[in-house]
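> Got a structure for you, upload.cif, holding mmCIF, C-alpha atoms and all ligand atoms.
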data_data
#
loop_
_atom_site.label_atom_id
_atom_site.label_comp_id
_atom_site.auth_asym_id
_atom_site.auth_seq_id
_atom_site.Cartn_x
_atom_site.Cartn_y
_atom_site.Cartn_z
CA MET A 1 36.06 9.30 -6.71
CA THR A 2 34.75 12.82 -7.24
CA LYS A 3 32.26 14.25 -4.78
CA LEU A 4 28.82 12.64 -5.01
CA ASN A 5 26.21 14.86 -6.61
CA LEU A 6 22.94 13.83 -5.00
CA GLN A 7 21.08 16.36 -7.13
CA THR A 8 21.80 14.34 -10.24
CA LEU A 9 21.97 10.93 -8.58
CA PHE A 10 18.39 10.81 -7.31
CA ARG A 11 15.13 11.58 -9.07
CA PRO A 12 13.82 15.11 -8.46
CA GLU A 13 10.61 13.65 -6.98
CA VAL A 14 12.66 11.92 -4.30
CA LEU A 15 14.78 14.98 -3.53
CA ALA A 16 11.65 17.12 -3.22
CA LEU A 17 10.07 14.89 -0.55
CA SER A 18 10.12 15.71 3.09
CA ALA A 19 10.68 12.57 5.16
CA TYR A 20 7.56 10.98 6.63
CA HIS A 21 7.84 12.09 10.22
CA VAL A 22 6.84 9.71 12.98
CA ALA A 23 6.89 11.38 16.40
CA ASP A 24 9.09 9.84 19.09
CA ALA A 25 6.52 8.57 21.56
CA GLN A 26 8.80 7.25 24.27
CA GLY A 27 7.37 7.92 27.72
CA PHE A 28 4.07 9.29 26.38
CA ILE A 29 0.54 8.03 26.66
CA LYS A 30 0.35 7.19 23.00
CA LEU A 31 -2.88 8.24 21.33
CA ASP A 32 -1.46 9.36 17.99
CA ALA A 33 -1.33 6.31 15.72
CA MET A 34 -4.63 4.38 15.97
CA GLU A 35 -3.07 1.48 17.80
CA ASN A 36 -5.13 -0.93 19.89
CA PRO A 37 -4.10 -0.17 23.50
CA TYR A 38 -4.79 -3.67 24.80
CA THR A 39 -2.31 -6.51 25.02
CA TRP A 40 -2.85 -10.25 25.49
CA SER A 41 -3.40 -12.33 28.60
CA GLU A 42 -0.41 -14.27 29.96
CA ASP A 43 -2.02 -17.53 28.84
CA LEU A 44 -2.46 -16.33 25.32
CA LYS A 45 1.12 -15.04 25.20
CA GLN A 46 2.37 -18.42 26.40
CA SER A 47 0.57 -20.35 23.68
CA TRP A 48 1.75 -17.83 21.07
CA LEU A 49 5.35 -18.27 22.23
CA ALA A 50 4.95 -22.04 22.18
CA LYS A 51 3.94 -21.76 18.54
CA LEU A 52 6.80 -19.40 17.64
CA LYS A 53 9.31 -21.67 19.33
CA ASP A 54 9.23 -23.98 16.33
CA ALA A 55 9.09 -21.30 13.67
CA PRO A 56 11.72 -22.20 11.05
CA LEU A 57 13.84 -19.06 11.15
CA ASN A 58 16.59 -20.69 9.14
CA ARG A 59 14.24 -21.08 6.17
CA TYR A 60 12.80 -18.51 3.83
CA PRO A 61 9.12 -17.98 4.51
CA ASP A 62 6.46 -19.54 2.30
CA PRO A 63 6.59 -17.05 -0.60
CA GLU A 64 2.85 -17.40 -1.17
CA ALA A 65 1.98 -17.39 2.55
CA ARG A 66 -0.52 -20.11 1.64
CA GLU A 67 -1.83 -21.05 5.07
CA LEU A 68 -2.32 -17.44 6.14
CA THR A 69 -3.86 -16.47 2.80
CA GLN A 70 -6.36 -19.30 3.14
CA THR A 71 -7.20 -18.29 6.70
CA LEU A 72 -7.69 -14.67 5.65
CA LYS A 73 -9.96 -15.75 2.79
CA ILE A 74 -12.11 -17.70 5.19
CA SER A 75 -12.19 -15.06 7.90
CA ASN A 76 -13.12 -12.40 5.32
CA GLN A 77 -15.66 -14.75 3.70
CA LEU A 78 -14.21 -14.29 0.23
CA PRO A 79 -15.70 -16.20 -2.69
CA ASP A 80 -13.36 -18.56 -4.59
CA ASN A 81 -12.98 -16.35 -7.63
CA ILE A 82 -11.53 -13.51 -5.53
CA ASP A 83 -7.79 -13.49 -4.90
CA LEU A 84 -5.71 -11.96 -2.11
CA LEU A 85 -2.35 -10.23 -2.14
CA LEU A 86 -0.55 -9.84 1.17
CA GLY A 87 1.73 -6.93 1.93
CA ASN A 88 4.13 -5.68 4.56
CA GLY A 89 1.33 -3.51 5.92
CA SER A 90 -1.25 -2.03 3.56
CA ASP A 91 1.30 0.73 2.98
CA GLU A 92 3.28 -1.74 0.89
CA ILE A 93 0.19 -2.64 -1.09
CA ILE A 94 -0.48 1.02 -1.87
CA GLN A 95 3.11 1.22 -3.10
CA LEU A 96 2.75 -1.93 -5.23
CA LEU A 97 -0.45 -0.68 -6.83
CA LEU A 98 1.15 2.64 -7.71
CA MET A 99 4.43 1.10 -8.90
CA ALA A 100 2.50 -0.97 -11.42
CA LEU A 101 1.10 2.12 -13.19
CA PRO A 102 2.50 3.75 -16.31
CA VAL A 103 4.62 6.84 -15.50
CA ASN A 104 2.14 9.50 -16.55
CA SER A 105 -0.86 8.01 -14.77
CA HIS A 106 -3.26 10.02 -12.63
CA VAL A 107 -4.25 9.01 -9.12
CA LEU A 108 -7.33 10.35 -7.38
CA SER A 109 -8.40 10.53 -3.76
CA THR A 110 -9.97 12.97 -1.37
CA THR A 111 -8.58 15.83 0.69
CA PRO A 112 -8.14 15.12 3.50
CA SER A 113 -7.34 11.45 3.32
CA PHE A 114 -4.62 8.98 4.23
CA VAL A 115 -1.32 10.76 3.47
CA MET A 116 0.43 7.75 1.91
CA TYR A 117 -1.69 7.87 -1.26
CA LYS A 118 -0.18 11.23 -2.15
CA GLN A 119 3.26 10.65 -0.66
CA ILE A 120 3.90 7.48 -2.69
CA SER A 121 2.28 8.87 -5.86
CA ASP A 122 4.56 11.91 -5.58
CA TYR A 123 7.81 10.00 -5.24
CA LEU A 124 6.89 7.68 -8.09
CA GLY A 125 6.32 10.72 -10.28
CA LEU A 126 2.59 10.06 -10.74
CA ASN A 127 0.00 12.81 -10.97
CA TYR A 128 -1.94 12.87 -7.72
CA HIS A 129 -5.19 14.79 -7.27
CA GLY A 130 -7.10 15.21 -4.02
CA VAL A 131 -10.69 16.37 -4.30
CA SER A 132 -11.85 18.28 -1.25
CA LEU A 133 -14.53 16.64 0.87
CA ARG A 134 -17.75 18.47 1.68
CA ALA A 135 -17.16 21.01 4.41
CA ASP A 136 -20.50 20.35 6.13
CA ASN A 137 -20.12 16.60 6.74
CA PHE A 138 -16.78 15.37 5.32
CA ASP A 139 -18.71 13.28 2.79
CA LEU A 140 -17.62 12.88 -0.81
CA ASP A 141 -18.31 15.88 -3.01
CA LEU A 142 -19.80 13.69 -5.72
CA PRO A 143 -20.07 16.27 -8.54
CA ALA A 144 -16.45 17.33 -7.92
CA MET A 145 -15.29 13.69 -7.85
CA LEU A 146 -17.12 12.93 -11.11
CA ASN A 147 -15.58 16.03 -12.70
CA ALA A 148 -12.12 14.92 -11.64
CA ILE A 149 -12.73 11.42 -13.00
CA GLU A 150 -13.76 12.88 -16.34
CA LYS A 151 -10.87 15.35 -16.41
CA TYR A 152 -8.01 13.06 -15.34
CA ASN A 153 -9.28 9.55 -16.10
CA PRO A 154 -7.43 8.25 -13.02
CA ALA A 155 -5.82 4.81 -13.16
CA ILE A 156 -6.53 4.42 -9.46
CA ILE A 157 -9.01 6.01 -7.08
CA PHE A 158 -8.37 5.53 -3.35
CA LEU A 159 -11.31 5.84 -0.97
CA ALA A 160 -10.65 5.24 2.72
CA TYR A 161 -13.78 3.75 4.28
CA PRO A 162 -13.95 5.01 7.05
CA ASN A 163 -11.77 7.93 6.10
CA ASN A 164 -8.62 8.87 7.98
CA PRO A 165 -8.39 11.44 9.58
CA THR A 166 -12.07 12.44 9.50
CA GLY A 167 -13.39 9.10 10.81
CA ASN A 168 -16.61 9.05 8.78
CA LEU A 169 -17.98 6.56 6.27
CA PHE A 170 -18.63 8.11 2.89
CA SER A 171 -22.11 7.69 1.47
CA SER A 172 -22.26 4.27 -0.17
CA ASP A 173 -24.45 5.62 -3.00
CA ALA A 174 -21.72 8.13 -3.86
CA ILE A 175 -19.08 5.40 -3.81
CA ASN A 176 -21.19 3.23 -6.11
CA THR A 177 -21.61 6.11 -8.53
CA ILE A 178 -17.84 6.63 -8.53
CA ILE A 179 -17.27 2.92 -9.17
CA ASP A 180 -19.60 3.10 -12.17
CA ALA A 181 -17.92 6.24 -13.54
CA ALA A 182 -14.33 5.03 -13.11
CA ASN A 183 -12.36 3.51 -15.98
CA GLY A 184 -9.53 2.49 -13.65
CA LEU A 185 -9.33 0.70 -10.32
CA VAL A 186 -11.25 1.81 -7.25
CA ILE A 187 -9.48 0.82 -4.04
CA ILE A 188 -11.70 0.82 -0.97
CA ASP A 189 -9.26 1.09 1.95
CA GLU A 190 -10.93 -0.56 4.95
CA ALA A 191 -8.12 -0.13 7.49
CA TYR A 192 -10.75 0.66 10.17
CA GLU A 193 -13.25 -2.02 9.24
CA PRO A 194 -13.10 -3.67 12.71
CA PHE A 195 -14.73 -0.52 14.17
CA ALA A 196 -17.02 0.39 11.31
CA ASN A 197 -19.81 -2.12 10.87
CA ALA A 198 -19.77 -1.40 7.15
CA SER A 199 -17.82 -2.80 4.24
CA PHE A 200 -17.53 -3.04 0.48
CA MET A 201 -16.03 -6.53 0.61
CA ASN A 202 -19.08 -8.01 -1.09
CA ARG A 203 -18.64 -5.51 -3.94
CA VAL A 204 -15.20 -6.83 -4.89
CA ALA A 205 -15.35 -7.58 -8.64
CA ASN A 206 -14.12 -6.03 -11.89
CA ASN A 207 -12.45 -2.72 -11.01
CA VAL A 208 -13.26 -2.79 -7.28
CA LEU A 209 -10.66 -3.94 -4.76
CA VAL A 210 -10.90 -3.88 -0.97
CA MET A 211 -7.80 -3.43 1.16
CA ARG A 212 -7.54 -4.27 4.84
CA THR A 213 -4.87 -4.52 7.51
CA VAL A 214 -4.43 -6.17 10.88
CA SER A 215 -2.70 -3.03 12.19
CA LYS A 216 -5.66 -1.16 13.65
CA LEU A 217 -7.18 -4.40 14.92
CA GLY A 218 -4.26 -4.80 17.30
CA LEU A 219 -1.28 -6.20 15.39
CA ALA A 220 0.42 -3.05 14.09
CA GLY A 221 3.84 -4.42 15.03
CA LEU A 222 3.55 -7.41 12.72
CA ARG A 223 3.02 -5.39 9.51
CA LEU A 224 0.39 -7.28 7.56
CA GLY A 225 -2.05 -5.84 5.07
CA TYR A 226 -4.01 -7.49 2.29
CA ILE A 227 -6.06 -6.63 -0.73
CA ALA A 228 -8.89 -8.59 -2.33
CA GLY A 229 -9.60 -8.40 -6.02
CA GLU A 230 -10.13 -10.24 -9.28
CA HIS A 231 -7.50 -12.82 -10.11
CA GLU A 232 -6.30 -10.98 -13.25
CA ILE A 233 -5.48 -7.86 -11.23
CA ILE A 234 -3.93 -9.53 -8.19
CA GLU A 235 -1.78 -11.66 -10.50
CA GLN A 236 -0.08 -8.55 -11.89
CA LEU A 237 0.70 -7.24 -8.43
CA HIS A 238 2.24 -10.55 -7.39
CA LYS A 239 4.81 -10.12 -10.17
CA ILE A 240 6.27 -6.95 -8.67
CA ARG A 241 6.18 -7.72 -4.97
CA LEU A 242 9.40 -8.95 -3.39
CA PRO A 243 9.32 -12.75 -3.11
CA TYR A 244 9.35 -13.07 0.68
CA ASN A 245 7.55 -9.89 1.72
CA ILE A 246 5.75 -11.51 4.67
CA ASN A 247 8.26 -12.90 7.13
CA VAL A 248 8.03 -16.19 9.04
CA LEU A 249 7.15 -14.61 12.40
CA THR A 250 4.40 -12.47 10.88
CA GLN A 251 2.85 -15.37 8.97
CA SER A 252 2.88 -17.53 12.07
CA SER A 253 1.71 -14.83 14.51
CA VAL A 254 -1.17 -13.52 12.41
CA GLN A 255 -2.30 -17.09 11.83
CA PHE A 256 -2.26 -17.61 15.59
CA ALA A 257 -4.09 -14.34 16.24
CA LEU A 258 -6.85 -15.17 13.74
CA GLU A 259 -7.38 -18.44 15.58
CA HIS A 260 -8.17 -16.30 18.64
CA LYS A 261 -10.40 -13.77 16.94
CA ASN A 262 -12.68 -13.54 19.96
CA VAL A 263 -9.92 -11.74 21.89
CA PHE A 264 -9.81 -9.01 19.27
CA GLU A 265 -13.57 -8.83 19.00
CA GLU A 266 -13.75 -8.17 22.71
CA GLN A 267 -11.04 -5.50 22.55
CA THR A 268 -12.77 -3.90 19.58
CA ARG A 269 -16.06 -3.76 21.50
CA ALA A 270 -14.29 -2.05 24.41
CA ILE A 271 -12.74 0.50 22.05
CA CYS A 272 -16.08 1.25 20.38
CA ALA A 273 -17.75 1.70 23.77
CA GLU A 274 -15.00 4.11 24.83
CA ARG A 275 -15.39 5.97 21.53
CA THR A 276 -18.97 6.83 22.54
CA VAL A 277 -17.86 7.95 26.00
CA MET A 278 -15.08 10.09 24.58
CA LEU A 279 -17.21 11.68 21.88
CA SER A 280 -19.72 13.00 24.37
CA ALA A 281 -17.00 14.03 26.82
CA LEU A 282 -15.29 16.01 24.07
CA ASN A 283 -18.50 17.63 22.90
CA SER A 284 -19.35 18.70 26.45
CA LEU A 285 -16.21 20.86 26.50
CA ASN A 286 -16.62 24.53 25.74
CA GLY A 287 -15.05 25.37 22.38
CA ILE A 288 -14.62 21.77 21.21
CA THR A 289 -16.53 20.17 18.36
CA ALA A 290 -15.91 16.43 18.01
CA TYR A 291 -17.02 14.60 14.88
CA ASP A 292 -18.79 11.23 14.82
CA SER A 293 -16.43 8.40 14.04
CA ALA A 294 -16.76 4.90 12.63
CA ALA A 295 -13.08 4.26 13.40
CA ASN A 296 -10.90 3.99 16.52
CA PHE A 297 -10.05 7.68 16.59
CA ILE A 298 -11.89 10.98 16.86
CA LEU A 299 -11.25 14.20 14.97
CA PHE A 300 -12.11 17.35 16.87
CA LYS A 301 -12.03 21.05 16.22
CA THR A 302 -10.48 23.47 18.69
CA PRO A 303 -11.07 27.24 19.01
CA GLU A 304 -9.62 29.26 16.12
CA ASN A 305 -5.82 29.43 15.91
CA GLN A 306 -5.33 27.35 19.05
CA ALA A 307 -4.78 23.84 17.69
CA THR A 308 -1.00 23.76 17.81
CA LYS A 309 -0.88 25.46 21.20
CA ILE A 310 -3.41 22.98 22.62
CA PHE A 311 -1.59 20.05 21.03
CA GLU A 312 1.69 21.16 22.63
CA ALA A 313 0.04 21.75 26.01
CA ILE A 314 -1.43 18.22 25.94
CA LYS A 315 1.95 16.83 24.96
CA ALA A 316 3.64 18.72 27.80
CA GLN A 317 1.32 16.77 30.11
CA GLY A 318 2.56 13.48 28.73
CA VAL A 319 -0.16 12.67 26.19
CA LEU A 320 0.70 12.38 22.50
CA ILE A 321 -2.10 12.89 19.96
CA LYS A 322 -1.89 14.04 16.32
CA ASN A 323 -1.88 17.63 15.21
CA VAL A 324 -3.55 17.69 11.78
CA HIS A 325 -3.99 21.47 11.73
CA PRO A 326 -0.80 21.96 9.65
CA GLN A 327 -2.47 20.04 6.79
CA GLY A 328 -4.83 23.02 6.44
CA GLY A 329 -8.10 23.09 4.50
CA LEU A 330 -10.88 21.25 6.30
CA LEU A 331 -8.38 20.19 8.99
CA THR A 332 -7.60 23.75 10.05
CA ASP A 333 -7.88 23.99 13.87
CA CYS A 334 -8.31 20.20 14.12
CA LEU A 335 -6.60 17.55 16.26
CA ARG A 336 -7.00 13.77 16.09
CA VAL A 337 -6.99 11.45 19.07
CA THR A 338 -6.89 7.66 19.07
CA VAL A 339 -9.32 5.90 21.41
CA GLY A 340 -7.21 4.24 24.11
CA THR A 341 -8.03 2.53 27.39
CA PRO A 342 -10.50 4.30 29.71
CA GLU A 343 -7.54 5.44 31.87
CA GLU A 344 -5.61 6.82 28.89
CA ASN A 345 -8.69 8.58 27.58
CA GLN A 346 -9.34 10.19 30.97
CA ALA A 347 -5.72 11.37 31.10
CA PHE A 348 -6.13 12.86 27.64
CA LEU A 349 -9.42 14.60 28.52
CA GLN A 350 -7.90 15.99 31.71
CA ALA A 351 -4.88 17.28 29.76
CA LEU A 352 -7.18 18.85 27.17
CA LYS A 353 -9.21 20.59 29.89
CA VAL A 354 -6.03 22.05 31.35
CA ALA A 355 -4.86 23.10 27.89
CA LEU A 356 -8.20 24.84 27.20
CA SER A 357 -8.14 26.71 30.50
CA ARG A 358 -4.79 28.36 29.74
C1 LIG B 1 -3.19 3.13 9.06
C2 LIG B 1 -3.73 3.14 7.68
C3 LIG B 1 -3.18 2.34 6.69
C4 LIG B 1 -1.85 1.62 6.84
O1 LIG B 1 -1.95 0.47 7.49
P1 LIG B 1 -0.71 -0.52 7.61
O2 LIG B 1 -1.31 -1.83 7.28
O3 LIG B 1 -0.26 -0.42 9.02
O4 LIG B 1 0.36 -0.13 6.63
C5 LIG B 1 -3.80 2.30 5.44
N1 LIG B 1 -4.88 3.05 5.19
C6 LIG B 1 -5.42 3.86 6.11
C7 LIG B 1 -6.61 4.67 5.76
C8 LIG B 1 -4.85 3.95 7.38
O5 LIG B 1 -5.34 4.81 8.26
#
Could you write out this file's structure as structure tokens?

Amino acid sequence: MTKLNLQTLFRPEVLALSAYHVADAQGFIKLDAMENPYTWSEDLKQSWLAKLKDAPLNRYPDPEARELTQTLKISNQLPDNIDLLLGNGSDEIIQLLLMALPVNSHVLSTTPSFVMYKQISDYLGLNYHGVSLRADNFDLDLPAMLNAIEKYNPAIIFLAYPNNPTGNLFSSDAINTIIDAANGLVIIDEAYEPFANASFMNRVANNVLVMRTVSKLGLAGLRLGYIAGEHEIIEQLHKIRLPYNINVLTQSSVQFALEHKNVFEEQTRAICAERTVMLSALNSLNGITAYDSAANFILFKTPENQATKIFEAIKAQGVLIKNVHPQGGLLTDCLRVTVGTPEENQAFLQALKVALSR
């Protein structure tokens, strides 16, 4: 064969992408990815393993994941007329939603927000628009959002509630106004719902869908996300998902975990308590401004032009957080830290103090 020409083989949108970079965290105290730091008791692990022992690995999984879907409907208190679609993480659901759109569609979200909305829109050749949040409080800039809705008539609007990486809940009045103004779907992404004490789940109807995941709750390794919406919408998405997108071990393990919800509720309480401790510790440091969070991470601002240096100095001390400064805009000079165990958080704070004193 002649030499492969990748430039003509792949779509320009794909060639133009830079690979989604996930830092190698081996050996680090890992506070970069909003994971739950707590594991399970030996007893719990033993009963989980006992259940997995009989998992039918030789068989394809239930393509509809019926038992798990039913359990999720009950645990999320969904009414009967609302359907669920399960995905290999909510990332897959974002991809499914966007894959279903006509090629020239517009997609709207905020800047900053979860990077996957833009990343996936870009490689699918959709027109993505991010409307800047308000600089004073990271809330929605409602007039600017309404302008963008009028201008682009987006097929999908993504709103992360709470928002990543700012950690705040947008004003619910503003969200409701956006829902009323939208002609397309409004996806409320509640990845951090376990820490938020706020939800739009009871607003699911017509063009409103709510997406959740078990990742931030403490099951990131299993890859399970889900979205709730009207039957007519969910039905379309089912057509384009791969038939067995939720594997046997994930179906079985999430089912098991949801039967032990109290364990996660306890862990979540511990994380929220630590969030309060960390927020005030951060704000007591000279030169640091930490922002209130309804999630399991905290965004904080460092002295001008120091973010990357401070990030590297913290990393050199064995603690990995996330440098969001390179994203620019409202995130200039900002770093994001996940709330870990009290010991991990102390190690991070100590490393930050050393970094600031240099
Ligand atoms: C982490 C995150 C997701 C992705 O969750 P997965 O289920 O692990 O794919 C989705 N949305 C937001 C806002 C997130 O922060």
> Would you compute, for all listed atoms of ligand LIG 1 (chain B), the axis-aligned bounding box grown by 6 Å on each side, and then report its centre and edge lengths in Å rounded to one decimal, as JSON?

{"center_x": -3.1, "center_y": 1.5, "center_z": 7.1, "size_x": 19.0, "size_y": 18.6, "size_z": 15.9}
> Can you pull out the residues contacting Ile157 of chain A? Cut-off 10 Å, using all atoms listed in the file, and skip same-chain residues under 5 positions away; I want them as a list in words.
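Selected residues are His106, Val107, Leu108, Ser109, Thr110, Tyr117, Tyr128, His129, Gly130, Met145, Ile149, Ile178, Ile179, Ala182, Asn183, Gly184, Leu185, Val186, Ile187, Ile188 and Val208 of chain A.
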> Could the residues of chain A that have an atom at most 9 Å from ligand LIG 1 (chain B) be listed as a Markdown table, each with its closest atom pair and the distance in Å to one decimal, counting only C-alpha atoms and all ligand atoms and ordered by chain and ascending residue number?

| residue | atom | partner | partner_atom | distance |
| --- | --- | --- | --- | --- |
| A:Ala33 | CA | B:LIG1 | C1 | 7.6 |
| A:Met34 | CA | B:LIG1 | C1 | 7.2 |
| A:Glu35 | CA | B:LIG1 | C1 | 8.9 |
| A:Gly87 | CA | B:LIG1 | O2 | 8.0 |
| A:Asn88 | CA | B:LIG1 | O4 | 7.0 |
| A:Gly89 | CA | B:LIG1 | O2 | 3.4 |
| A:Ser90 | CA | B:LIG1 | O2 | 3.7 |
| A:Asp91 | CA | B:LIG1 | O4 | 3.9 |
| A:Glu92 | CA | B:LIG1 | O4 | 6.6 |
| A:Ile93 | CA | B:LIG1 | O4 | 8.1 |
| A:Ile94 | CA | B:LIG1 | C5 | 8.1 |
| A:Ser113 | CA | B:LIG1 | C7 | 7.2 |
| A:Phe114 | CA | B:LIG1 | C7 | 5.0 |
| A:Val115 | CA | B:LIG1 | C7 | 8.4 |
| A:Met116 | CA | B:LIG1 | C5 | 7.7 |
| A:Tyr117 | CA | B:LIG1 | N1 | 8.7 |
| A:Leu159 | CA | B:LIG1 | C7 | 8.3 |
| A:Ala160 | CA | B:LIG1 | C7 | 5.1 |
| A:Tyr161 | CA | B:LIG1 | C7 | 7.4 |
| A:Pro162 | CA | B:LIG1 | C7 | 7.5 |
| A:Asn163 | CA | B:LIG1 | C7 | 6.1 |
| A:Asn164 | CA | B:LIG1 | C7 | 5.2 |
| A:Pro165 | CA | B:LIG1 | O5 | 7.4 |
| A:Asp189 | CA | B:LIG1 | N1 | 5.8 |
| A:Glu190 | CA | B:LIG1 | C7 | 6.8 |
| A:Ala191 | CA | B:LIG1 | C6 | 5.0 |
| A:Tyr192 | CA | B:LIG1 | O5 | 7.1 |
| A:Met211 | CA | B:LIG1 | N1 | 8.2 |
| A:Arg212 | CA | B:LIG1 | O2 | 7.1 |
| A:Thr213 | CA | B:LIG1 | O2 | 4.5 |
| A:Val214 | CA | B:LIG1 | O2 | 6.4 |
| A:Ser215 | CA | B:LIG1 | O3 | 4.8 |
| A:Lys216 | CA | B:LIG1 | C1 | 6.8 |
| A:Leu219 | CA | B:LIG1 | O3 | 8.7 |
| A:Ala220 | CA | B:LIG1 | O3 | 5.8 |
| A:Gly221 | CA | B:LIG1 | O3 | 8.3 |
| A:Leu222 | CA | B:LIG1 | O3 | 8.8 |
| A:Arg223 | CA | B:LIG1 | O3 | 6.0 |
| A:Leu224 | CA | B:LIG1 | O2 | 5.7 |
| A:Gly225 | CA | B:LIG1 | O2 | 4.6 |
| A:Tyr226 | CA | B:LIG1 | O2 | 8.0 |
> Only C-alpha atoms, please: the residues just picked out, written as a PDB file, in the coordinates of the input.

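The resulting again-v8.pdb:
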ATOM      1  CA  ALA A  33      -1.330   6.310  15.720  1.00  0.00           C
ATOM      2  CA  MET A  34      -4.630   4.380  15.970  1.00  0.00           C
ATOM      3  CA  GLU A  35      -3.070   1.480  17.800  1.00  0.00           C
ATOM      4  CA  GLY A  87       1.730  -6.930   1.930  1.00  0.00           C
ATOM      5  CA  ASN A  88       4.130  -5.680   4.560  1.00  0.00           C
ATOM      6  CA  GLY A  89       1.330  -3.510   5.920  1.00  0.00           C
ATOM      7  CA  SER A  90      -1.250  -2.030   3.560  1.00  0.00           C
ATOM      8  CA  ASP A  91       1.300   0.730   2.980  1.00  0.00           C
ATOM      9  CA  GLU A  92       3.280  -1.740   0.890  1.00  0.00           C
ATOM     10  CA  ILE A  93       0.190  -2.640  -1.090  1.00  0.00           C
ATOM     11  CA  ILE A  94      -0.480   1.020  -1.870  1.00  0.00           C
ATOM     12  CA  SER A 113      -7.340  11.450   3.320  1.00  0.00           C
ATOM     13  CA  PHE A 114      -4.620   8.980   4.230  1.00  0.00           C
ATOM     14  CA  VAL A 115      -1.320  10.760   3.470  1.00  0.00           C
ATOM     15  CA  MET A 116       0.430   7.750   1.910  1.00  0.00           C
ATOM     16  CA  TYR A 117      -1.690   7.870  -1.260  1.00  0.00           C
ATOM     17  CA  LEU A 159     -11.310   5.840  -0.970  1.00  0.00           C
ATOM     18  CA  ALA A 160     -10.650   5.240   2.720  1.00  0.00           C
ATOM     19  CA  TYR A 161     -13.780   3.750   4.280  1.00  0.00           C
ATOM     20  CA  PRO A 162     -13.950   5.010   7.050  1.00  0.00           C
ATOM     21  CA  ASN A 163     -11.770   7.930   6.100  1.00  0.00           C
ATOM     22  CA  ASN A 164      -8.620   8.870   7.980  1.00  0.00           C
ATOM     23  CA  PRO A 165      -8.390  11.440   9.580  1.00  0.00           C
ATOM     24  CA  ASP A 189      -9.260   1.090   1.950  1.00  0.00           C
ATOM     25  CA  GLU A 190     -10.930  -0.560   4.950  1.00  0.00           C
ATOM     26  CA  ALA A 191      -8.120  -0.130   7.490  1.00  0.00           C
ATOM     27  CA  TYR A 192     -10.750   0.660  10.170  1.00  0.00           C
ATOM     28  CA  MET A 211      -7.800  -3.430   1.160  1.00  0.00           C
ATOM     29  CA  ARG A 212      -7.540  -4.270   4.840  1.00  0.00           C
ATOM     30  CA  THR A 213      -4.870  -4.520   7.510  1.00  0.00           C
ATOM     31  CA  VAL A 214      -4.430  -6.170  10.880  1.00  0.00           C
ATOM     32  CA  SER A 215      -2.700  -3.030  12.190  1.00  0.00           C
ATOM     33  CA  LYS A 216      -5.660  -1.160  13.650  1.00  0.00           C
ATOM     34  CA  LEU A 219      -1.280  -6.200  15.390  1.00  0.00           C
ATOM     35  CA  ALA A 220       0.420  -3.050  14.090  1.00  0.00           C
ATOM     36  CA  GLY A 221       3.840  -4.420  15.030  1.00  0.00           C
ATOM     37  CA  LEU A 222       3.550  -7.410  12.720  1.00  0.00           C
ATOM     38  CA  ARG A 223       3.020  -5.390   9.510  1.00  0.00           C
ATOM     39  CA  LEU A 224       0.390  -7.280   7.560  1.00  0.00           C
ATOM     40  CA  GLY A 225      -2.050  -5.840   5.070  1.00  0.00           C
ATOM     41  CA  TYR A 226      -4.010  -7.490   2.290  1.00  0.00           C
TER      42      TYR A 226
END
> Would you mind telling me which residue in A:Leu279, A:Leu44, A:Leu169, A:Leu15 lies nearest to Ala198 of chain A when using all atoms listed in the file?
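Looking only at the distances to Ala198 of chain A, the closest residue turns out to be A:Leu169.
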> Using all atoms listed in the file, which residues sit within 12 Å of Asn168 of chain A once same-chain residues fewer than 6 positions away are excluded, as an mmCIF file with C-alpha atoms, in the frame of the given file?

data_model
loop_
_atom_site.group_PDB
_atom_site.id
_atom_site.type_symbol
_atom_site.label_atom_id
_atom_site.label_comp_id
_atom_site.auth_asym_id
_atom_site.auth_seq_id
_atom_site.Cartn_x
_atom_site.Cartn_y
_atom_site.Cartn_z
ATOM 1 C CA PRO A 112 -8.140 15.120 3.500
ATOM 2 C CA SER A 113 -7.340 11.450 3.320
ATOM 3 C CA LEU A 133 -14.530 16.640 0.870
ATOM 4 C CA ARG A 134 -17.750 18.470 1.680
ATOM 5 C CA ASN A 137 -20.120 16.600 6.740
ATOM 6 C CA PHE A 138 -16.780 15.370 5.320
ATOM 7 C CA ASP A 139 -18.710 13.280 2.790
ATOM 8 C CA LEU A 140 -17.620 12.880 -0.810
ATOM 9 C CA LEU A 159 -11.310 5.840 -0.970
ATOM 10 C CA ALA A 160 -10.650 5.240 2.720
ATOM 11 C CA TYR A 161 -13.780 3.750 4.280
ATOM 12 C CA PRO A 162 -13.950 5.010 7.050
ATOM 13 C CA GLU A 190 -10.930 -0.560 4.950
ATOM 14 C CA TYR A 192 -10.750 0.660 10.170
ATOM 15 C CA GLU A 193 -13.250 -2.020 9.240
ATOM 16 C CA PHE A 195 -14.730 -0.520 14.170
ATOM 17 C CA ALA A 196 -17.020 0.390 11.310
ATOM 18 C CA ASN A 197 -19.810 -2.120 10.870
ATOM 19 C CA ALA A 198 -19.770 -1.400 7.150
ATOM 20 C CA ALA A 290 -15.910 16.430 18.010
ATOM 21 C CA TYR A 291 -17.020 14.600 14.880
ATOM 22 C CA ASP A 292 -18.790 11.230 14.820
ATOM 23 C CA SER A 293 -16.430 8.400 14.040
ATOM 24 C CA ALA A 294 -16.760 4.900 12.630
ATOM 25 C CA ALA A 295 -13.080 4.260 13.400
ATOM 26 C CA ASN A 296 -10.900 3.990 16.520
ATOM 27 C CA PHE A 297 -10.050 7.680 16.590
ATOM 28 C CA ILE A 298 -11.890 10.980 16.860
ATOM 29 C CA LEU A 299 -11.250 14.200 14.970
#
